[in-house]
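File shown here: start.tsv, holding TSV, C-alpha atoms.
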```tsv
chain	number	residue	atom	x	y	z
A	122	MET	CA	0.00	0.00	0.00
A	123	ALA	CA	2.89	2.42	0.80
A	124	ASP	CA	4.37	1.69	-2.65
A	125	TYR	CA	0.96	2.29	-4.21
A	126	VAL	CA	0.54	5.68	-2.46
A	127	LEU	CA	4.03	6.69	-3.66
A	128	LEU	CA	3.02	5.70	-7.21
A	129	LEU	CA	-0.14	7.84	-6.88
A	130	LEU	CA	1.90	10.78	-5.52
A	131	GLY	CA	4.16	10.54	-8.57
A	132	MET	CA	1.24	10.20	-10.98
A	133	GLY	CA	-0.64	13.02	-9.23
A	134	LEU	CA	2.36	15.35	-9.37
A	135	VAL	CA	3.10	14.79	-13.08
A	136	THR	CA	-0.62	15.25	-13.82
A	137	TYR	CA	-1.08	18.36	-11.66
A	138	LEU	CA	2.04	20.30	-12.74
A	139	PRO	CA	1.15	20.49	-16.48
A	140	ARG	CA	-2.34	21.63	-15.44
A	141	TRP	CA	-1.13	24.25	-12.96
A	142	LEU	CA	2.19	25.71	-14.23
A	143	PRO	CA	0.76	27.33	-17.41
A	144	LEU	CA	-2.17	28.82	-15.45
A	145	HIS	CA	0.27	30.22	-12.88
A	146	TYR	CA	3.02	31.52	-15.14
A	147	LEU	CA	1.51	32.24	-18.54
A	148	SER	CA	0.65	35.84	-17.65
A	149	ARG	CA	4.44	36.47	-17.56
A	150	ARG	CA	5.76	34.22	-20.30
A	151	SER	CA	4.39	32.60	-23.46
A	152	LEU	CA	5.32	29.39	-25.28
A	153	PRO	CA	7.05	29.49	-28.70
A	154	GLU	CA	4.60	29.15	-31.56
A	155	TRP	CA	5.98	25.85	-32.88
A	156	PHE	CA	5.61	24.29	-29.39
A	157	ILE	CA	1.96	25.40	-29.16
A	158	GLN	CA	1.32	23.88	-32.61
A	159	TRP	CA	3.09	20.68	-31.54
A	160	LEU	CA	1.06	20.45	-28.31
A	161	GLU	CA	-2.12	21.06	-30.25
A	162	LEU	CA	-1.46	17.93	-32.32
A	163	ILE	CA	-0.46	15.75	-29.35
A	164	PRO	CA	-3.99	14.73	-28.20
A	165	ALA	CA	-5.01	13.47	-31.67
A	166	ALA	CA	-1.66	11.65	-31.97
A	167	ILE	CA	-1.82	9.99	-28.53
A	168	LEU	CA	-5.46	8.92	-28.82
A	169	SER	CA	-4.86	7.43	-32.26
A	170	ALA	CA	-1.66	5.69	-31.13
A	171	LEU	CA	-3.61	4.14	-28.25
A	172	LEU	CA	-6.65	3.24	-30.28
A	173	LEU	CA	-5.56	1.71	-33.60
A	174	PRO	CA	-3.30	-1.01	-32.09
A	175	ALA	CA	-6.13	-1.90	-29.65
A	176	LEU	CA	-8.51	-2.34	-32.59
A	177	ILE	CA	-6.46	-4.40	-35.05
A	178	LEU	CA	-3.70	-6.11	-33.03
A	179	ASP	CA	-4.08	-9.20	-30.87
A	180	GLY	CA	-1.91	-11.48	-28.74
A	181	ASP	CA	1.47	-11.10	-27.06
A	182	PRO	CA	3.73	-10.85	-29.08
A	183	LYS	CA	1.28	-8.90	-31.19
A	184	TYR	CA	-0.01	-9.86	-34.63
A	185	LEU	CA	-2.38	-8.20	-37.11
A	186	ASP	CA	-6.02	-9.41	-37.00
A	187	LEU	CA	-8.63	-7.47	-38.99
A	188	LEU	CA	-11.47	-9.81	-37.97
A	189	ARG	CA	-11.58	-8.71	-34.32
A	190	PRO	CA	-15.00	-7.55	-33.06
A	191	GLU	CA	-13.17	-4.55	-31.49
A	192	PHE	CA	-12.41	-3.31	-35.01
A	193	TRP	CA	-15.85	-3.93	-36.57
A	194	VAL	CA	-17.75	-2.39	-33.64
A	195	ALA	CA	-15.47	0.66	-33.88
A	196	LEU	CA	-16.77	1.58	-37.37
A	197	PRO	CA	-20.41	2.39	-36.35
A	198	THR	CA	-19.09	3.80	-33.03
A	199	PHE	CA	-16.84	6.24	-34.95
A	200	ALA	CA	-19.80	7.26	-37.15
A	201	PHE	CA	-22.04	7.79	-34.08
A	202	ALA	CA	-19.36	9.89	-32.31
A	203	TRP	CA	-18.82	11.96	-35.46
A	204	TRP	CA	-22.52	12.79	-35.88
A	205	THR	CA	-23.65	13.15	-32.25
A	206	ARG	CA	-20.42	14.39	-30.52
A	207	SER	CA	-21.84	12.74	-27.38
A	208	LEU	CA	-19.25	11.13	-25.08
A	209	GLY	CA	-21.79	9.33	-22.88
A	210	GLY	CA	-23.83	8.19	-25.90
A	211	THR	CA	-20.77	6.89	-27.74
A	212	VAL	CA	-19.61	4.90	-24.71
A	213	VAL	CA	-23.05	3.36	-24.20
A	214	LEU	CA	-23.49	2.52	-27.93
A	215	GLY	CA	-19.99	1.02	-28.19
A	216	MET	CA	-20.58	-1.15	-25.13
A	217	LEU	CA	-24.02	-2.22	-26.40
A	218	LEU	CA	-22.74	-3.18	-29.88
A	219	PHE	CA	-19.73	-5.02	-28.42
A	220	TRP	CA	-22.04	-6.90	-26.06
A	221	LEU	CA	-24.43	-7.81	-28.91
A	222	VAL	CA	-21.55	-9.01	-31.11
A	223	GLY	CA	-20.44	-11.23	-28.21
A	224	LYS	CA	-23.93	-12.81	-28.19
A	225	VAL	CA	-23.69	-13.80	-31.87
A	226	ASP	CA	-23.12	-17.53	-32.25
A	227	PRO	CA	-20.95	-18.43	-35.30
A	228	GLN	CA	-23.27	-21.47	-35.74
A	229	TRP	CA	-26.03	-19.13	-37.00
A	230	PHE	CA	-23.98	-18.47	-40.09
A	231	ALA	CA	-23.16	-22.12	-40.81
A	232	TRP	CA	-25.77	-22.18	-43.63
A	233	MET	CA	-23.63	-19.65	-45.51
A	234	GLY	CA	-21.09	-22.42	-45.96
B	1043	MET	CA	-13.50	37.93	-8.44
B	1044	THR	CA	-16.41	39.24	-6.43
B	1045	PRO	CA	-16.95	37.88	-2.92
B	1046	LEU	CA	-19.73	35.32	-2.68
B	1047	SER	CA	-22.85	35.93	-0.61
B	1048	SER	CA	-25.20	33.00	-0.01
B	1049	THR	CA	-27.61	33.97	-2.83
B	1050	THR	CA	-24.85	34.38	-5.39
B	1051	PHE	CA	-23.42	31.09	-4.14
B	1052	SER	CA	-26.62	29.21	-5.00
B	1053	THR	CA	-26.79	30.93	-8.40
B	1054	THR	CA	-23.17	30.00	-9.05
B	1055	LEU	CA	-23.85	26.40	-8.03
B	1056	LYS	CA	-26.93	26.20	-10.26
B	1057	GLU	CA	-25.21	27.70	-13.30
B	1058	GLY	CA	-22.13	25.54	-12.82
B	1059	LEU	CA	-24.17	22.34	-12.55
B	1060	ASN	CA	-26.26	23.42	-15.54
B	1061	ALA	CA	-23.08	23.56	-17.62
B	1062	GLY	CA	-21.39	20.52	-16.09
B	1063	TRP	CA	-24.09	17.82	-16.03
B	1064	PRO	CA	-23.23	16.33	-19.46
B	1065	ILE	CA	-19.70	15.63	-18.17
B	1066	CYS	CA	-21.12	13.89	-15.10
B	1067	LEU	CA	-23.43	11.77	-17.27
B	1068	GLY	CA	-20.52	10.78	-19.51
B	1069	TYR	CA	-18.33	9.94	-16.51
B	1070	LEU	CA	-20.83	7.50	-14.96
B	1071	PRO	CA	-20.35	4.54	-17.35
B	1072	ILE	CA	-16.65	5.32	-17.87
B	1073	GLY	CA	-16.02	5.65	-14.13
B	1074	MET	CA	-17.90	2.40	-13.47
B	1075	ALA	CA	-15.94	0.69	-16.25
B	1076	PHE	CA	-12.69	1.97	-14.77
B	1077	GLY	CA	-13.69	0.68	-11.32
B	1078	VAL	CA	-14.47	-2.76	-12.76
B	1079	LEU	CA	-11.20	-2.98	-14.70
B	1080	ALA	CA	-9.19	-1.69	-11.71
B	1081	GLN	CA	-10.84	-4.25	-9.45
B	1082	LYS	CA	-10.03	-7.00	-11.98
B	1083	ALA	CA	-6.42	-5.76	-11.96
B	1084	GLY	CA	-6.37	-6.34	-8.18
B	1085	LEU	CA	-7.04	-2.84	-6.75
B	1086	THR	CA	-9.30	-2.40	-3.70
B	1087	PRO	CA	-12.13	0.21	-3.69
B	1088	LEU	CA	-9.96	2.33	-1.32
B	1089	GLN	CA	-7.04	2.22	-3.78
B	1090	ILE	CA	-9.38	3.06	-6.67
B	1091	GLY	CA	-10.86	6.04	-4.78
B	1092	LEU	CA	-7.39	7.31	-3.83
B	1093	MET	CA	-6.29	7.20	-7.47
B	1094	SER	CA	-9.43	9.05	-8.62
B	1095	ILE	CA	-8.73	11.82	-6.06
B	1096	MET	CA	-4.94	12.04	-6.30
B	1097	VAL	CA	-4.62	11.73	-10.09
B	1098	PHE	CA	-8.10	12.51	-11.55
B	1099	ALA	CA	-7.24	11.86	-15.20
B	1100	GLY	CA	-9.45	9.31	-16.97
B	1101	SER	CA	-7.33	7.98	-19.79
B	1102	SER	CA	-4.07	7.85	-17.82
B	1103	GLN	CA	-5.84	6.02	-14.96
B	1104	PHE	CA	-7.00	3.36	-17.44
B	1105	ILE	CA	-3.46	3.09	-18.84
B	1106	ALA	CA	-1.92	2.95	-15.34
B	1107	VAL	CA	-4.23	0.11	-14.33
B	1108	SER	CA	-3.46	-1.92	-17.46
B	1109	MET	CA	0.26	-1.27	-16.90
B	1110	LEU	CA	-0.07	-2.34	-13.22
B	1111	ALA	CA	-1.82	-5.53	-14.35
B	1112	GLY	CA	1.02	-6.11	-16.82
B	1113	GLY	CA	3.61	-5.75	-14.04
B	1114	ALA	CA	5.07	-2.41	-15.21
B	1115	SER	CA	7.43	-0.49	-12.88
B	1116	ALA	CA	6.38	2.71	-11.06
B	1117	PRO	CA	8.81	4.94	-13.04
B	1118	ALA	CA	7.39	3.54	-16.32
B	1119	ILE	CA	3.80	4.23	-15.18
B	1120	ILE	CA	4.65	7.76	-13.95
B	1121	THR	CA	6.52	8.59	-17.18
B	1122	THR	CA	3.60	7.37	-19.30
B	1123	THR	CA	1.15	9.36	-17.12
B	1124	PHE	CA	3.28	12.47	-17.63
B	1125	VAL	CA	3.39	12.09	-21.41
B	1126	VAL	CA	-0.33	11.24	-21.67
B	1127	ASN	CA	-1.29	14.28	-19.52
B	1128	LEU	CA	1.18	16.73	-21.08
B	1129	ARG	CA	-1.62	17.83	-23.39
B	1130	HIS	CA	-3.16	19.71	-20.42
B	1131	VAL	CA	-0.33	22.25	-20.77
B	1132	LEU	CA	-2.05	23.55	-23.88
B	1133	MET	CA	-5.50	23.59	-22.25
B	1134	SER	CA	-4.24	25.45	-19.16
B	1135	SER	CA	-2.36	27.86	-21.43
B	1136	ALA	CA	-5.53	28.61	-23.40
B	1137	LEU	CA	-7.54	29.02	-20.16
B	1138	ALA	CA	-4.90	31.32	-18.60
B	1139	VAL	CA	-5.75	34.00	-21.19
B	1140	TYR	CA	-9.16	34.47	-19.50
B	1141	LEU	CA	-7.92	34.14	-15.91
B	1142	ARG	CA	-5.29	36.90	-15.77
B	1143	ALA	CA	-6.94	38.75	-12.89
B	1144	ALA	CA	-7.74	35.60	-10.92
B	1145	HIS	CA	-6.60	34.81	-7.39
B	1146	ARG	CA	-3.49	32.59	-7.48
B	1147	GLY	CA	-4.82	30.25	-4.78
B	1148	LEU	CA	-8.12	29.71	-6.61
B	1149	LEU	CA	-6.15	29.06	-9.81
B	1150	ALA	CA	-4.15	26.37	-8.01
B	1151	ILE	CA	-7.45	24.68	-7.03
B	1152	TYR	CA	-8.91	25.17	-10.50
B	1153	ALA	CA	-5.81	23.58	-12.10
B	1154	TYR	CA	-6.58	20.30	-10.30
B	1155	GLY	CA	-9.80	19.89	-12.31
B	1156	VAL	CA	-8.53	20.76	-15.79
B	1157	THR	CA	-9.52	17.74	-17.89
B	1158	ASP	CA	-10.35	17.31	-21.59
B	1159	GLU	CA	-14.04	17.47	-20.69
B	1160	SER	CA	-14.05	20.41	-18.23
B	1161	PHE	CA	-11.81	22.33	-20.65
B	1162	ALA	CA	-14.29	21.71	-23.48
B	1163	VAL	CA	-17.18	22.97	-21.29
B	1164	ASN	CA	-15.48	25.95	-19.59
B	1165	LEU	CA	-13.35	27.47	-22.37
B	1166	PRO	CA	-16.16	28.50	-24.78
B	1167	ARG	CA	-18.00	30.13	-21.84
B	1168	PHE	CA	-14.92	32.08	-20.73
B	1169	ASN	CA	-14.47	33.01	-24.39
B	1170	THR	CA	-17.93	34.63	-24.60
B	1171	ARG	CA	-17.35	36.40	-21.24
B	1172	THR	CA	-20.38	34.67	-19.72
B	1173	TRP	CA	-18.35	32.68	-17.21
B	1174	SER	CA	-16.52	33.14	-13.90
B	1175	LEU	CA	-13.87	31.16	-12.04
B	1176	PRO	CA	-16.33	30.07	-9.25
B	1177	ARG	CA	-18.74	28.66	-11.89
B	1178	ALA	CA	-15.86	26.87	-13.60
B	1179	LEU	CA	-14.82	25.47	-10.21
B	1180	VAL	CA	-18.34	24.05	-9.76
B	1181	VAL	CA	-18.05	22.31	-13.16
B	1182	ASN	CA	-14.63	20.86	-12.28
B	1183	HIS	CA	-15.58	19.62	-8.83
B	1184	ALA	CA	-18.96	18.19	-9.88
B	1185	ALA	CA	-17.04	16.21	-12.51
B	1186	ASN	CA	-14.41	15.14	-9.96
B	1187	LEU	CA	-17.06	14.03	-7.42
B	1188	THR	CA	-18.94	12.03	-10.08
B	1189	TRP	CA	-15.67	10.44	-11.22
B	1190	PHE	CA	-14.75	9.49	-7.63
B	1191	ILE	CA	-18.17	8.01	-6.82
B	1192	SER	CA	-18.58	6.09	-10.09
B	1193	THR	CA	-15.05	4.61	-10.03
B	1194	VAL	CA	-15.44	3.42	-6.42
B	1195	ALA	CA	-18.94	2.08	-7.19
B	1196	GLY	CA	-17.51	0.17	-10.17
B	1197	GLY	CA	-14.79	-1.20	-7.92
B	1198	ILE	CA	-17.32	-2.41	-5.35
B	1199	GLY	CA	-20.06	-3.57	-7.76
B	1200	GLY	CA	-17.57	-4.87	-10.29
B	1201	ARG	CA	-17.17	-8.05	-8.27
B	1202	PHE	CA	-20.78	-8.95	-9.06
B	1203	ILE	CA	-20.60	-8.14	-12.76
B	1204	PRO	CA	-19.67	-11.23	-14.80
B	1205	GLU	CA	-16.87	-11.23	-17.41
B	1206	GLY	CA	-17.80	-9.28	-20.55
B	1207	ALA	CA	-21.12	-8.09	-19.06
B	1208	LEU	CA	-22.85	-5.30	-21.01
B	1209	GLY	CA	-19.75	-4.85	-23.17
B	1210	ILE	CA	-18.05	-2.95	-20.35
B	1211	ASP	CA	-14.64	-3.99	-21.70
B	1212	TYR	CA	-15.38	-1.76	-24.69
B	1213	ALA	CA	-15.99	1.43	-22.64
B	1214	LEU	CA	-12.35	2.56	-22.84
B	1215	ILE	CA	-12.14	2.03	-26.61
B	1216	ALA	CA	-15.46	3.84	-27.16
B	1217	MET	CA	-14.32	6.76	-24.96
B	1218	PHE	CA	-11.08	7.07	-26.94
B	1219	ILE	CA	-13.06	6.92	-30.22
B	1220	CYS	CA	-15.21	9.89	-29.14
B	1221	LEU	CA	-12.29	11.89	-27.67
B	1222	LEU	CA	-10.33	11.27	-30.90
B	1223	ILE	CA	-13.30	12.54	-32.95
B	1224	TYR	CA	-13.34	15.68	-30.73
B	1225	GLN	CA	-9.68	16.25	-31.64
B	1226	ILE	CA	-10.18	16.03	-35.44
B	1227	ARG	CA	-10.97	19.69	-36.16
B	1228	LYS	CA	-8.82	20.27	-39.26
B	1229	LEU	CA	-7.17	18.16	-41.96
B	1230	ILE	CA	-3.83	18.37	-40.10
B	1231	HIS	CA	-5.37	16.64	-37.04
B	1232	LEU	CA	-6.67	13.82	-39.23
B	1233	LEU	CA	-3.28	13.50	-40.93
B	1234	THR	CA	-1.46	13.45	-37.56
B	1235	ALA	CA	-3.89	10.85	-36.18
B	1236	VAL	CA	-3.40	8.60	-39.23
B	1237	ILE	CA	0.41	8.88	-38.99
B	1238	ALA	CA	0.30	8.17	-35.23
B	1239	GLY	CA	-2.04	5.18	-35.61
B	1240	VAL	CA	-0.09	3.54	-38.45
B	1241	THR	CA	3.28	4.20	-36.72
B	1242	ALA	CA	1.94	2.81	-33.44
B	1243	VAL	CA	0.71	-0.39	-35.14
B	1244	GLY	CA	4.03	-0.80	-36.94
B	1245	LEU	CA	6.06	-0.25	-33.77
B	1246	ALA	CA	3.79	-2.44	-31.60
B	1247	LEU	CA	4.42	-5.34	-34.02
B	1248	VAL	CA	8.21	-5.11	-33.58
B	1249	ILE	CA	8.91	-3.76	-30.05
B	1250	PRO	CA	7.46	-5.26	-26.84
B	1251	GLY	CA	5.78	-3.16	-24.13
B	1252	ASN	CA	3.95	0.16	-24.27
B	1253	THR	CA	6.72	2.48	-25.46
B	1254	TYR	CA	5.22	2.49	-28.97
B	1255	ILE	CA	2.47	4.90	-27.72
B	1256	VAL	CA	4.93	7.62	-26.70
B	1257	ILE	CA	7.29	7.18	-29.68
B	1258	ALA	CA	4.46	7.16	-32.24
B	1259	SER	CA	2.72	10.20	-30.66
B	1260	ILE	CA	5.87	12.34	-30.52
B	1261	ALA	CA	6.88	11.31	-34.07
B	1262	ALA	CA	3.41	12.01	-35.52
B	1263	ALA	CA	3.03	15.43	-33.80
B	1264	THR	CA	6.52	16.41	-34.96
B	1265	VAL	CA	5.82	15.37	-38.58
B	1266	GLY	CA	2.45	17.17	-38.29
B	1267	VAL	CA	4.06	20.44	-37.14
B	1268	ILE	CA	6.69	20.25	-39.93
B	1269	ILE	CA	3.97	19.71	-42.57
B	1270	GLN	CA	1.79	22.45	-41.06
B	1271	ARG	CA	4.61	25.00	-41.04
B	1272	LYS	CA	5.70	24.10	-44.61
B	1273	VAL	CA	2.12	24.47	-45.90
B	1274	MET	CA	1.64	27.73	-43.97
B	1275	ARG	CA	4.86	29.16	-45.43
B	1276	ARG	CA	3.66	28.26	-48.93
B	1277	ASN	CA	0.04	29.51	-48.51
B	1278	PRO	CA	0.02	31.99	-45.62
B	1279	ASP	CA	-3.69	32.69	-46.24
B	1280	ASN	CA	-4.76	29.08	-45.72
B	1281	GLY	CA	-3.48	28.84	-42.13
```

Please lay out the structure from this file as structure tokens.
Amino acid sequence: MADYVLLLLGMGLVTYLPRWLPLHYLSRRSLPEWFIQWLELIPAAILSALLLPALILDGDPKYLDLLRPEFWVALPTFAFAWWTRSLGGTVVLGMLLFWLVGKVDPQWFAWMG
Amino acid sequence: MTPLSSTTFSTTLKEGLNAGWPICLGYLPIGMAFGVLAQKAGLTPLQIGLMSIMVFAGSSQFIAVSMLAGGASAPAIITTTFVVNLRHVLMSSALAVYLRAAHRGLLAIYAYGVTDESFAVNLPRFNTRTWSLPRALVVNHAANLTWFISTVAGGIGGRFIPEGALGIDYALIAMFICLLIYQIRKLIHLLTAVIAGVTAVGLALVIPGNTYIVIASIAAATVGVIIQRKVMRRNPDNG
């Protein structure tokens, strides 16, 4: 537990400082333009770097698998997020579709040969 | 900032909650999902609640828990948390423009609640001069309280939710899908996201561990800035 609290202190500090330092100091100093542009692209980059491997890679060591339900459920979830811009709605729809896909029995499609 | 009497306090509370409720609604399933995943990774409800109070950063908490489950070291988790949350520098910088006259102590409290979601709710209101720091603090702390309660509830109730129930394992992916969509505002964001995603997949196939996330993000943002500045130099009108 002591190790865990130390971990949280470290995580809390590195989370709080980037949130606080600019608010505290920016009235005196500003960031160079290229750095602001770079930071502005970071969220899209990080989220995509987290997301795409989670959708199309499987196993450890990892291999490419385009038939994962994670990937196919993501397509309508992306479309829903794009049109509605609703965080709560997107999470609920994604979970619902993923749950429904898990209910599908491959046997149902046996007639397709 | 004007001092708060009891009537202005209730108005402030009402207006803050009026602006902040969509965040709270969105946090409920995500917080519950986090609690369930954290509990599966071996954390107690107390440990989950402590993390939600001491860190209060959705995506990095999910990443930290999956890294803990994978046996990652504390320095690796803290470094990843730092890189994942570095984006808040830009949000706080943008917010600082509207908070020049603000009390430094209140700013220090406000900084604690700067998240992707509270930033998205508060900034446009500051921008139209219809907002105040106390109202923004209500938004931040309502979000924080909801996050704390829903993560702990997920950690307690998670024990009774069977594996794969209600697609809860997909909550994180769905949240990232929506937050990524929020970030795609111009062609350059789409381009950066595509470069980051493809680079991350390529790197994940050849190097073990989670370092591919940081390397791919930094590489993609750097390539994005270089392209953006080249295009801007060529067509200064197109921005």

Best match for closeness to Leu1148 of chain B among A:Trp141, A:Glu161, A:Ala195, A:Ala175, counting only C-alpha atoms |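 Among the listed residues, the smallest separation from Leu1148 of chain B belongs to A:Trp141.
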
Selection as a PDB file with C-alpha atoms, in the coordinates of the input: residues within 9 Å of (-20.5, 8.1, -14.5), counting all atoms listed in the file:
```
ATOM      1  CA  GLY A 209     -21.790   9.330 -22.880  1.00  0.00           C
TER       2      GLY A 209
ATOM      3  CA  ILE B1065     -19.700  15.630 -18.170  1.00  0.00           C
ATOM      4  CA  CYS B1066     -21.120  13.890 -15.100  1.00  0.00           C
ATOM      5  CA  LEU B1067     -23.430  11.770 -17.270  1.00  0.00           C
ATOM      6  CA  GLY B1068     -20.520  10.780 -19.510  1.00  0.00           C
ATOM      7  CA  TYR B1069     -18.330   9.940 -16.510  1.00  0.00           C
ATOM      8  CA  LEU B1070     -20.830   7.500 -14.960  1.00  0.00           C
ATOM      9  CA  PRO B1071     -20.350   4.540 -17.350  1.00  0.00           C
ATOM     10  CA  ILE B1072     -16.650   5.320 -17.870  1.00  0.00           C
ATOM     11  CA  GLY B1073     -16.020   5.650 -14.130  1.00  0.00           C
ATOM     12  CA  MET B1074     -17.900   2.400 -13.470  1.00  0.00           C
ATOM     13  CA  ALA B1075     -15.940   0.690 -16.250  1.00  0.00           C
ATOM     14  CA  THR B1188     -18.940  12.030 -10.080  1.00  0.00           C
ATOM     15  CA  TRP B1189     -15.670  10.440 -11.220  1.00  0.00           C
ATOM     16  CA  ILE B1191     -18.170   8.010  -6.820  1.00  0.00           C
ATOM     17  CA  SER B1192     -18.580   6.090 -10.090  1.00  0.00           C
ATOM     18  CA  THR B1193     -15.050   4.610 -10.030  1.00  0.00           C
TER      19      THR B1193
END
```

If we count only C-alpha atoms and set the cut-off at 12 Å, which residues sit around segment 214-230 of chain A, ignoring sequence neighbours fewer than 6 positions away in its own chain? Please answer as a short mmCIF file (atom, residue, chain, number, x, y, z; two decimals) with C-alpha atoms, keeping the file's coordinate frame.
```cif
data_model
loop_
_atom_site.label_atom_id
_atom_site.label_comp_id
_atom_site.auth_asym_id
_atom_site.auth_seq_id
_atom_site.Cartn_x
_atom_site.Cartn_y
_atom_site.Cartn_z
CA ARG A 189 -11.58 -8.71 -34.32
CA PRO A 190 -15.00 -7.55 -33.06
CA GLU A 191 -13.17 -4.55 -31.49
CA PHE A 192 -12.41 -3.31 -35.01
CA TRP A 193 -15.85 -3.93 -36.57
CA VAL A 194 -17.75 -2.39 -33.64
CA ALA A 195 -15.47 0.66 -33.88
CA LEU A 196 -16.77 1.58 -37.37
CA PRO A 197 -20.41 2.39 -36.35
CA THR A 198 -19.09 3.80 -33.03
CA PHE A 199 -16.84 6.24 -34.95
CA ALA A 200 -19.80 7.26 -37.15
CA PHE A 201 -22.04 7.79 -34.08
CA ALA A 202 -19.36 9.89 -32.31
CA THR A 205 -23.65 13.15 -32.25
CA SER A 207 -21.84 12.74 -27.38
CA LEU A 208 -19.25 11.13 -25.08
CA PRO B 1071 -20.35 4.54 -17.35
CA ILE B 1072 -16.65 5.32 -17.87
CA ALA B 1075 -15.94 0.69 -16.25
CA GLU B 1205 -16.87 -11.23 -17.41
CA GLY B 1206 -17.80 -9.28 -20.55
CA ALA B 1207 -21.12 -8.09 -19.06
CA LEU B 1208 -22.85 -5.30 -21.01
CA GLY B 1209 -19.75 -4.85 -23.17
CA ILE B 1210 -18.05 -2.95 -20.35
CA ASP B 1211 -14.64 -3.99 -21.70
CA TYR B 1212 -15.38 -1.76 -24.69
CA ALA B 1213 -15.99 1.43 -22.64
CA LEU B 1214 -12.35 2.56 -22.84
CA ILE B 1215 -12.14 2.03 -26.61
CA ALA B 1216 -15.46 3.84 -27.16
CA MET B 1217 -14.32 6.76 -24.96
CA PHE B 1218 -11.08 7.07 -26.94
CA ILE B 1219 -13.06 6.92 -30.22
CA CYS B 1220 -15.21 9.89 -29.14
#
```

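The smallest atom-to-atom distance between Gly133 of chain A and any of B:Phe1190, B:Phe1124, B:Phe1076, B:Phe1051, using only C-alpha atoms, is found for B:Phe1124.
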
Between A:Leu127, A:Val212, A:Leu187, A:Ile163, which has the minimum distance to His1231 of chain B (counting all atoms listed in the file)?
->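 Smallest distance to His1231 of chain B is found for A:Ile163.
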
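For the pair atom CA of Met1109 of chain B and atom CA of Val1131 of chain B, the interatomic distance is 23.8 Å.
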
Which residues, written as an MDAnalysis selection string, have at least one atom at most 10 Å from Leu1092 of chain B, with all atoms listed in the file counted and residues fewer than 4 positions away on the same chain left out?
-> (chainID A and resid 125:126 129) or (chainID B and resid 1086:1088 1096:1098 1190 1194)

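The closest residue to Asn1164 of chain B, picked from B:Leu1137, B:Val1126, B:Ile1151, B:Leu1187 and counting all atoms listed in the file, is B:Leu1137.
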
Can you pull out every residue within 10 Å of Met132 of chain A, counting all atoms listed in the file, but drop anything in the same chain fewer than 5 positions away, and send it as a PDB file with C-alpha atoms, keeping the file's coordinate frame?
```pdb
ATOM      1  CA  VAL A 126       0.540   5.680  -2.460  1.00  0.00           C
ATOM      2  CA  LEU A 127       4.030   6.690  -3.660  1.00  0.00           C
ATOM      3  CA  TYR A 137      -1.080  18.360 -11.660  1.00  0.00           C
TER       4      TYR A 137
ATOM      5  CA  MET B1093      -6.290   7.200  -7.470  1.00  0.00           C
ATOM      6  CA  MET B1096      -4.940  12.040  -6.300  1.00  0.00           C
ATOM      7  CA  VAL B1097      -4.620  11.730 -10.090  1.00  0.00           C
ATOM      8  CA  PHE B1098      -8.100  12.510 -11.550  1.00  0.00           C
ATOM      9  CA  ALA B1099      -7.240  11.860 -15.200  1.00  0.00           C
ATOM     10  CA  SER B1102      -4.070   7.850 -17.820  1.00  0.00           C
ATOM     11  CA  GLN B1103      -5.840   6.020 -14.960  1.00  0.00           C
ATOM     12  CA  ALA B1106      -1.920   2.950 -15.340  1.00  0.00           C
ATOM     13  CA  ALA B1116       6.380   2.710 -11.060  1.00  0.00           C
ATOM     14  CA  PRO B1117       8.810   4.940 -13.040  1.00  0.00           C
ATOM     15  CA  ILE B1119       3.800   4.230 -15.180  1.00  0.00           C
ATOM     16  CA  ILE B1120       4.650   7.760 -13.950  1.00  0.00           C
ATOM     17  CA  THR B1121       6.520   8.590 -17.180  1.00  0.00           C
ATOM     18  CA  THR B1122       3.600   7.370 -19.300  1.00  0.00           C
ATOM     19  CA  THR B1123       1.150   9.360 -17.120  1.00  0.00           C
ATOM     20  CA  PHE B1124       3.280  12.470 -17.630  1.00  0.00           C
ATOM     21  CA  ASN B1127      -1.290  14.280 -19.520  1.00  0.00           C
TER      22      ASN B1127
END
```

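Ranking B:Thr1253, B:Asn1186, B:Thr1234, B:Asn1277 by their shortest atom-to-atom distance to Gly1100 of chain B, with all atoms listed in the file included, puts B:Asn1186 first.
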
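In this comparison, which uses all atoms listed in the file, the residue of A:Leu162, A:Pro153, A:Asp181, A:Trp204 approaching chain B most closely is A:Leu162.
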
To one decimal place, how far is atom CA of Tyr146 of chain A from atom CA of Tyr1152 of chain B in Å?
->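 Taking atom CA of Tyr146 of chain A as the start and atom CA of Tyr1152 of chain B as the end point, the length is 14.3 Å.
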